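Okay, structure first, notes after.
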Amino acid sequence: MKVQAMGLLGILRLVIIFGFMEIGKAQRKSFLISCGTNSSVTVDGRRWIGDTVPGNNVTFSASGIEASTGTFSGDPVYEPLYRTARIFTDSLNYTVQGTPGNYFLRLHFYPLVYMNYNANDSVFAVESNRLRLVSEFNVPGEILNKNSNLLRSGGNSSFTSLVKEYFFTIDANIIVIDFIPSKGSFGFVNAIEIIPVDDKLFNDSVRRVGGNGGSSSLNLDTRGVETMYRLNVGGSAVKPSQDLDFWRLWDVDSSYMVNPDAGSETRNRTNITYASPNNTFVAPLPIYETARILSNTEVLERRFNMSWKLEVDPDFDYLVRLHFCELRFDKPNQRIFRIYINNRTAAENFDIFVRAGGMNKAYHEDYFDEISSKSNTLWIQLGPDTTTGSAGTDALLNGLEVFKLSQNGNLAYVQRYSNIEGKKTSKSFLWIGIGAGIASIAILAALVMLIVWFCKRKNKDDDDDDAKKTASGWKPLFLHGSIANRTAKATGSTVYQNPNGTVRSGRRFTLAEIRAATNNFDERLGIGVGGFGKVYKGEIDDGTLAAIKRANPQSHQGLAEFETEIEMLSKLRHRHLVSLIGFCDEQNEMILVYEYMDNGTLRSHLFGSDLPPLSWKQRLEVCIGAARGLHYLHTGSERGIIHRDVKTTNILLDENFVAKMADFGLSKTGPSLEHTHVSTAVKGSFGYLDPEYFRRQQLTEKSDVYSFGVVLFEVVCARAVINPTLPKDQINLAEWAMHWQRQRSLESIIDPRIRGKYSQESLMKFGEIAEKCLADEGKSRPTMGEVLWHLEYVLQLQEAWLHTNADAGENSVSSNPDLGPNDVGECEVQDATN
Ligand SMILES: *[C@@H]1O[C@H](CO)[C@@H](O)[C@H](O)[C@H]1NC(C)=O
């Protein structure tokens, strides 16, 4: 009896608690406001109420102008919300009834053109409950100029809209958001989101970076916060609709990494729980399911940090929140690392397992840092802690958030025109911002027109004189005749060949054309992903297949690479370089259109796919093609061009398995005569990187030669250049293959599928070339011209051998590694009957 009564009491108590929670929730409700409209829309699963819908509990002080845009080019998910806006030429405020406490405030901006109002000309300020959020704010300028505090709606899929997120405490019963246009200008807003935060999202006392264990007080009851970055490290974007606590957007991190290859992605979806049950709202579990770990801890002697470089506003305090979850090790001391924020140690001897209290435990830590008035970057670096002497020096990070703290009631930072006042200066800022954009587009367009003109003229010449066509062919615009001749001699022939005899010109596509070609960026047409962005297979107007590369709009590096690539490819025409058909730079998109390469990457034909293996002869021909392309890059212009990212995924194969070098985004013009190298930050891909380039950060053509040597070994062994699942001495292909090559027994690790199908002599010679390419010092390595010459000799050896061993014919490659050469005959018979 007694027990039963207790039970009842407990249930009663539960009911009461639930009841209170209900009431609490009801009082602290969210406001989702769609501005400039009397209708409501459902977007990302939530109902957004029009700001003039009667009874919506939203009031505003002046009516402003209700605007709607006809054309829309942002993220389609947000289209219903962003098609309308409220424009104001005088101050205007939105007021909602709330209760004291904490809130997230999000302001949504989609740059519009409505009647005489063009968002390019808008300049305004926003305040909320005595906190200044932005000053002299121009949405397109912000999108164009800043990499920071942009939380573009819908992850990285849209470049054209902007969400600003704030977190603050109010002590009154109303929330007021003031919009104030600059003198003579106007402002606009598309949507406002006010989300109450009842959970304790921040602790007041936060460890100070470089403060010897000291901490700083955030004072969030009087200070406001702006979210600058929120990244899901090593995973894909987590959309607001997947973060049901506060509808936050978690962006991908790769575009902020200094070298995305320094950290490899890892994931584990099983049994992750929060280290503290009170922290379930800090971040949703998908953030902890993916991570980055150091790529190469056991491979190279010199170890590296994973580094994220984030643009921030100078002269503010920042809160950096790092999310961790140990996904692999089930005991302590396996993974110990250091954390640096702006080159200072934030934590050392960091063992997630110990701090989170186990494996698969979601855990976070906060750090407080001040950014000086001279800096606008925040570096976050994780690297090995070599002082501990523990077994594992690998680092791991799952998520990253950066919050800016207000200073004297101000969160606004006016980047370029704080010392001048009024609309005139704002205008001039716009000219700098947008003008620079237009200027670079204009230069690009001029360049492309020049090329088109050149091509047309060339074509005309060719039409006039057919005989000349075969003789002259293509020349890069900036070539010097003497070098051209020298190159042509060195390679024997085809360097300036006109590809297929057709004329290609850099064409400027409209976004509509690109959308039509890719079925609106249909994921099913995706054929690849790189640091730059996604690649789609598309069909342009006349049915021509094309590879369409769309830049990740959030990558600033992307913009630089986009321009490098157009610049390089516009100058270069070669049978063994992938040709650029055109580009699209409409609406801040950065899209490149290339000739489509039917047979994809060389790598896909070596391993990791079901494709039939290439014969030894085919492999040699592919290597020769790639070597020709590289040789042309190195010598085809006065200063030469260094590719910087030679690897088997950047060697593409056309329908006839002709190899072409691709991806010039990282290319650099070579050293001038008086210098022997180009100093530059290390870029490229692990496993292929020239150790000398690592050590000295000095780039020469010989770095490409090194990478090409790794490609040669990869072609023989048909395995990944870095394979962490193998025993330690085998992880790095370059080391492993060199080990065997030095003993002249490369055949012990040859791809079993070509065993018995090659001339011993050709393999021996091939191994020697690869070995020379991997010489420690650049100056001991051969030039690409020499590599090419030797490879052609290797091909001759193989062809001669094939001639006398006719039964080991071209297509008789065993697709089953276990089959010996004697079984191959049967395979052939089967093929023939099909
Ligand atoms: C990692 O970054 C820190 C801070 O910038 C630096 O001091 C350290 O030398 C770096 N470590 C490695 C291995 O590059």
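Ordering of the structure tokens sets the chain letters (A, B, ...); residue numbers start at 1 within each chain; ligands are numbered from 1 in the order shown.
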
Residues within 7 Å of ligand 1 should be enumerated using only C-alpha atoms and all ligand atoms and returned as a VMD selection string. chain A and resid 302 to 305 340 342 to 344 381 to 384

Identify all residues of range 585-644 of chain A in strand (DSSP E) (DSSP on the backbone) and supply them as a PyMOL selection string.
chain A and resi 591-595+641-642

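In this model, the gap between CA of Leu545 in chain A and CA of Asp522 in chain A comes to 15.2 Å.
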
Exercise. Can you pull out every residue within 7 Å of Phe337 in chain A, counting only C-alpha atoms, but drop anything in the same chain fewer than 2 positions away, and send it as a ChimeraX atom specification?
Key: /A:335,339,348-351,382-385,393-395

Residue selection dump (all heavy atoms) as an mmCIF file, in the first residue's frame:
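File written: part05.cif
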```
data_model
loop_
_atom_site.group_PDB
_atom_site.id
_atom_site.type_symbol
_atom_site.label_atom_id
_atom_site.label_comp_id
_atom_site.auth_asym_id
_atom_site.auth_seq_id
_atom_site.Cartn_x
_atom_site.Cartn_y
_atom_site.Cartn_z
ATOM 1 N N ARG A 335 45.153 9.288 -27.888
ATOM 2 C CA ARG A 335 45.150 10.444 -28.781
ATOM 3 C C ARG A 335 45.326 11.682 -27.915
ATOM 4 O O ARG A 335 44.429 12.055 -27.169
ATOM 5 C CB ARG A 335 43.812 10.506 -29.525
ATOM 6 C CG ARG A 335 43.808 11.480 -30.697
ATOM 7 C CD ARG A 335 42.412 11.827 -31.180
ATOM 8 N NE ARG A 335 41.519 10.722 -31.484
ATOM 9 C CZ ARG A 335 41.440 10.111 -32.668
ATOM 10 N NH1 ARG A 335 42.198 10.472 -33.654
ATOM 11 N NH2 ARG A 335 40.569 9.138 -32.852
ATOM 12 N N ILE A 339 46.086 22.361 -28.592
ATOM 13 C CA ILE A 339 45.190 23.277 -29.292
ATOM 14 C C ILE A 339 45.819 24.665 -29.237
ATOM 15 O O ILE A 339 46.232 25.116 -28.160
ATOM 16 C CB ILE A 339 43.803 23.304 -28.615
ATOM 17 C CG1 ILE A 339 43.200 21.899 -28.611
ATOM 18 C CG2 ILE A 339 42.878 24.295 -29.313
ATOM 19 C CD1 ILE A 339 41.986 21.773 -27.724
ATOM 20 N N GLU A 348 46.984 21.976 -23.723
ATOM 21 C CA GLU A 348 47.967 20.960 -24.103
ATOM 22 C C GLU A 348 47.611 19.671 -23.395
ATOM 23 O O GLU A 348 46.749 19.646 -22.532
ATOM 24 C CB GLU A 348 49.399 21.415 -23.785
ATOM 25 C CG GLU A 348 49.589 21.915 -22.395
ATOM 26 C CD GLU A 348 50.897 22.693 -22.247
ATOM 27 O OE1 GLU A 348 51.723 22.641 -23.160
ATOM 28 O OE2 GLU A 348 51.079 23.325 -21.207
ATOM 29 N N ASN A 349 48.276 18.621 -23.831
ATOM 30 C CA ASN A 349 48.007 17.329 -23.220
ATOM 31 C C ASN A 349 46.508 17.019 -23.266
ATOM 32 O O ASN A 349 45.923 16.540 -22.314
ATOM 33 C CB ASN A 349 48.502 17.360 -21.768
ATOM 34 C CG ASN A 349 48.784 15.970 -21.269
ATOM 35 O OD1 ASN A 349 48.632 14.993 -22.010
ATOM 36 N ND2 ASN A 349 49.169 15.871 -20.016
ATOM 37 N N PHE A 350 45.900 17.327 -24.386
ATOM 38 C CA PHE A 350 44.451 17.225 -24.499
ATOM 39 C C PHE A 350 44.066 15.811 -24.897
ATOM 40 O O PHE A 350 44.394 15.341 -25.976
ATOM 41 C CB PHE A 350 43.959 18.227 -25.544
ATOM 42 C CG PHE A 350 42.503 18.576 -25.426
ATOM 43 C CD1 PHE A 350 42.099 19.708 -24.728
ATOM 44 C CD2 PHE A 350 41.540 17.778 -26.019
ATOM 45 C CE1 PHE A 350 40.759 20.033 -24.616
ATOM 46 C CE2 PHE A 350 40.186 18.107 -25.904
ATOM 47 C CZ PHE A 350 39.800 19.241 -25.209
ATOM 48 N N ASP A 351 43.385 15.132 -24.002
ATOM 49 C CA ASP A 351 42.950 13.752 -24.250
ATOM 50 C C ASP A 351 41.423 13.739 -24.128
ATOM 51 O O ASP A 351 40.882 13.834 -23.025
ATOM 52 C CB ASP A 351 43.605 12.821 -23.221
ATOM 53 C CG ASP A 351 43.310 11.354 -23.516
ATOM 54 O OD1 ASP A 351 42.291 11.071 -24.181
ATOM 55 O OD2 ASP A 351 44.101 10.493 -23.070
ATOM 56 N N LEU A 382 45.148 22.485 -34.402
ATOM 57 C CA LEU A 382 45.271 21.308 -33.544
ATOM 58 C C LEU A 382 46.449 20.504 -34.049
ATOM 59 O O LEU A 382 46.562 20.273 -35.256
ATOM 60 C CB LEU A 382 44.010 20.446 -33.636
ATOM 61 C CG LEU A 382 42.874 20.725 -32.645
ATOM 62 C CD1 LEU A 382 42.300 22.102 -32.861
ATOM 63 C CD2 LEU A 382 41.787 19.672 -32.780
ATOM 64 N N GLY A 383 47.324 20.121 -33.143
ATOM 65 C CA GLY A 383 48.489 19.386 -33.615
ATOM 66 C C GLY A 383 49.020 18.454 -32.561
ATOM 67 O O GLY A 383 48.546 18.424 -31.426
ATOM 68 N N PRO A 384 50.033 17.699 -32.944
ATOM 69 C CA PRO A 384 50.576 16.686 -32.035
ATOM 70 C C PRO A 384 51.196 17.312 -30.797
ATOM 71 O O PRO A 384 51.771 18.390 -30.868
ATOM 72 C CB PRO A 384 51.640 15.990 -32.885
ATOM 73 C CG PRO A 384 51.937 16.925 -34.007
ATOM 74 C CD PRO A 384 50.721 17.741 -34.234
ATOM 75 N N ASP A 385 51.051 16.628 -29.705
ATOM 76 C CA ASP A 385 51.716 17.061 -28.476
ATOM 77 C C ASP A 385 52.893 16.137 -28.278
ATOM 78 O O ASP A 385 52.766 15.035 -27.763
ATOM 79 C CB ASP A 385 50.741 16.971 -27.290
ATOM 80 C CG ASP A 385 51.253 17.787 -26.119
ATOM 81 O OD1 ASP A 385 52.487 17.954 -26.014
ATOM 82 O OD2 ASP A 385 50.431 18.264 -25.338
ATOM 83 N N THR A 393 49.658 10.679 -31.075
ATOM 84 C CA THR A 393 49.753 12.134 -31.124
ATOM 85 C C THR A 393 48.788 12.676 -32.170
ATOM 86 O O THR A 393 48.973 13.755 -32.692
ATOM 87 C CB THR A 393 51.174 12.588 -31.465
ATOM 88 O OG1 THR A 393 51.578 11.879 -32.622
ATOM 89 C CG2 THR A 393 52.114 12.338 -30.332
ATOM 90 N N ASP A 394 47.780 11.904 -32.478
ATOM 91 C CA ASP A 394 46.787 12.339 -33.442
ATOM 92 C C ASP A 394 45.840 13.342 -32.775
ATOM 93 O O ASP A 394 45.650 13.312 -31.566
ATOM 94 C CB ASP A 394 46.007 11.109 -33.890
ATOM 95 C CG ASP A 394 45.218 11.375 -35.140
ATOM 96 O OD1 ASP A 394 45.309 12.489 -35.674
ATOM 97 O OD2 ASP A 394 44.514 10.462 -35.571
ATOM 98 N N ALA A 395 45.280 14.268 -33.572
ATOM 99 C CA ALA A 395 44.316 15.223 -33.020
ATOM 100 C C ALA A 395 42.954 14.963 -33.638
ATOM 101 O O ALA A 395 42.849 14.342 -34.695
ATOM 102 C CB ALA A 395 44.765 16.643 -33.315
#
```

As a check of understanding: the span from CA of Val163 in chain A to CA of Leu32 in chain A is 13.7 Å

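You can rank A:Leu689, A:Ala347, A:Ile143, A:Ala262 by their closest distance to Gln587 in chain A using only C-alpha atoms, and at the top of that list sits A:Ile143.
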
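Ranking A:Arg47, A:Arg130, A:Arg83, A:Arg106 by their shortest atom-to-atom distance to Ser406 in chain A, with only C-alpha atoms included, puts A:Arg130 first.
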
Q | Residue list (alpha helix (DSSP H), DSSP) for range 130-257 of chain A, as a count of residues only | A | 7

message: Can you tell me which residues surround Phe246 in chain A at a distance of at most 10 Å, considering only C-alpha atoms, apart from same-chain residues fewer than 6 positions away, and format the answer as a ChimeraX atom specification?
response: /A:30,103-104,194-197,240,281-284

Can you pull out the residues contacting range 602-617 of chain A? Cut-off 6 Å, using only C-alpha atoms, and skip same-chain residues under 2 positions away; I want them as a PyMOL selection string. chain A and resi 619-620+648-649+651-652+718+813

Just the residues within 10 Å of Thr71 in chain A, please, counting only C-alpha atoms, with nothing from its chain fewer than 2 positions along; format it as a short mmCIF file (atom, residue, chain, number, x, y, z; two decimals) with all heavy atoms, in the first residue's frame.
```cif
data_model
loop_
_atom_site.label_atom_id
_atom_site.label_comp_id
_atom_site.auth_asym_id
_atom_site.auth_seq_id
_atom_site.Cartn_x
_atom_site.Cartn_y
_atom_site.Cartn_z
N SER A 68 8.36 42.91 -53.27
CA SER A 68 8.50 41.50 -53.63
C SER A 68 9.34 41.42 -54.89
O SER A 68 9.27 42.29 -55.75
CB SER A 68 7.14 40.85 -53.85
OG SER A 68 6.48 41.53 -54.88
N THR A 69 10.16 40.40 -54.98
CA THR A 69 11.05 40.28 -56.14
C THR A 69 10.46 39.28 -57.12
O THR A 69 9.87 38.28 -56.73
CB THR A 69 12.45 39.79 -55.74
OG1 THR A 69 12.29 38.69 -54.86
CG2 THR A 69 13.24 40.88 -55.07
N SER A 73 17.10 33.82 -57.17
CA SER A 73 18.21 32.92 -57.51
C SER A 73 18.91 32.37 -56.29
O SER A 73 20.02 31.89 -56.35
CB SER A 73 19.23 33.67 -58.37
OG SER A 73 19.77 34.72 -57.59
N GLY A 74 18.25 32.47 -55.14
CA GLY A 74 18.88 31.94 -53.93
C GLY A 74 18.54 30.47 -53.75
O GLY A 74 18.15 29.77 -54.69
N GLU A 79 12.96 30.35 -50.90
CA GLU A 79 12.34 31.26 -51.86
C GLU A 79 11.06 31.92 -51.34
O GLU A 79 10.92 33.14 -51.42
CB GLU A 79 12.10 30.53 -53.19
CG GLU A 79 11.42 31.43 -54.19
CD GLU A 79 11.41 30.87 -55.60
OE1 GLU A 79 12.11 29.86 -55.85
OE2 GLU A 79 10.73 31.46 -56.44
N ARG A 83 11.19 36.08 -51.09
CA ARG A 83 10.61 36.83 -52.21
C ARG A 83 10.02 38.16 -51.75
O ARG A 83 9.84 39.06 -52.54
CB ARG A 83 9.51 36.01 -52.89
CG ARG A 83 10.02 35.26 -54.09
CD ARG A 83 8.86 34.70 -54.87
NE ARG A 83 9.33 33.82 -55.93
CZ ARG A 83 9.77 34.24 -57.11
NH1 ARG A 83 9.80 35.52 -57.38
NH2 ARG A 83 10.17 33.38 -58.01
N LEU A 112 17.70 42.50 -53.00
CA LEU A 112 16.59 42.57 -53.94
C LEU A 112 16.72 43.79 -54.83
O LEU A 112 17.50 44.70 -54.57
CB LEU A 112 15.27 42.65 -53.17
CG LEU A 112 15.19 43.75 -52.09
CD1 LEU A 112 14.89 45.10 -52.69
CD2 LEU A 112 14.12 43.39 -51.10
N VAL A 113 15.97 43.76 -55.90
CA VAL A 113 15.79 44.95 -56.72
C VAL A 113 14.28 45.12 -56.83
O VAL A 113 13.57 44.21 -57.26
CB VAL A 113 16.39 44.77 -58.13
CG1 VAL A 113 16.16 46.01 -58.97
CG2 VAL A 113 17.88 44.46 -58.03
#
```

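Among the candidates A:Gly687, A:Pro332, A:Gly767, A:Gly528, the residue lying nearest to Leu746 in chain A is A:Gly767 (atoms considered: only C-alpha atoms).
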
Long-range neighbours of range 581-585 of chain A as a count of residues only, 6 Å cut-off, only C-alpha atoms, 5 positions minimum in chain:
9

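Between CA of Lys702 in chain A and CA of Met784 in chain A the interatomic distance comes to 8.3 Å.
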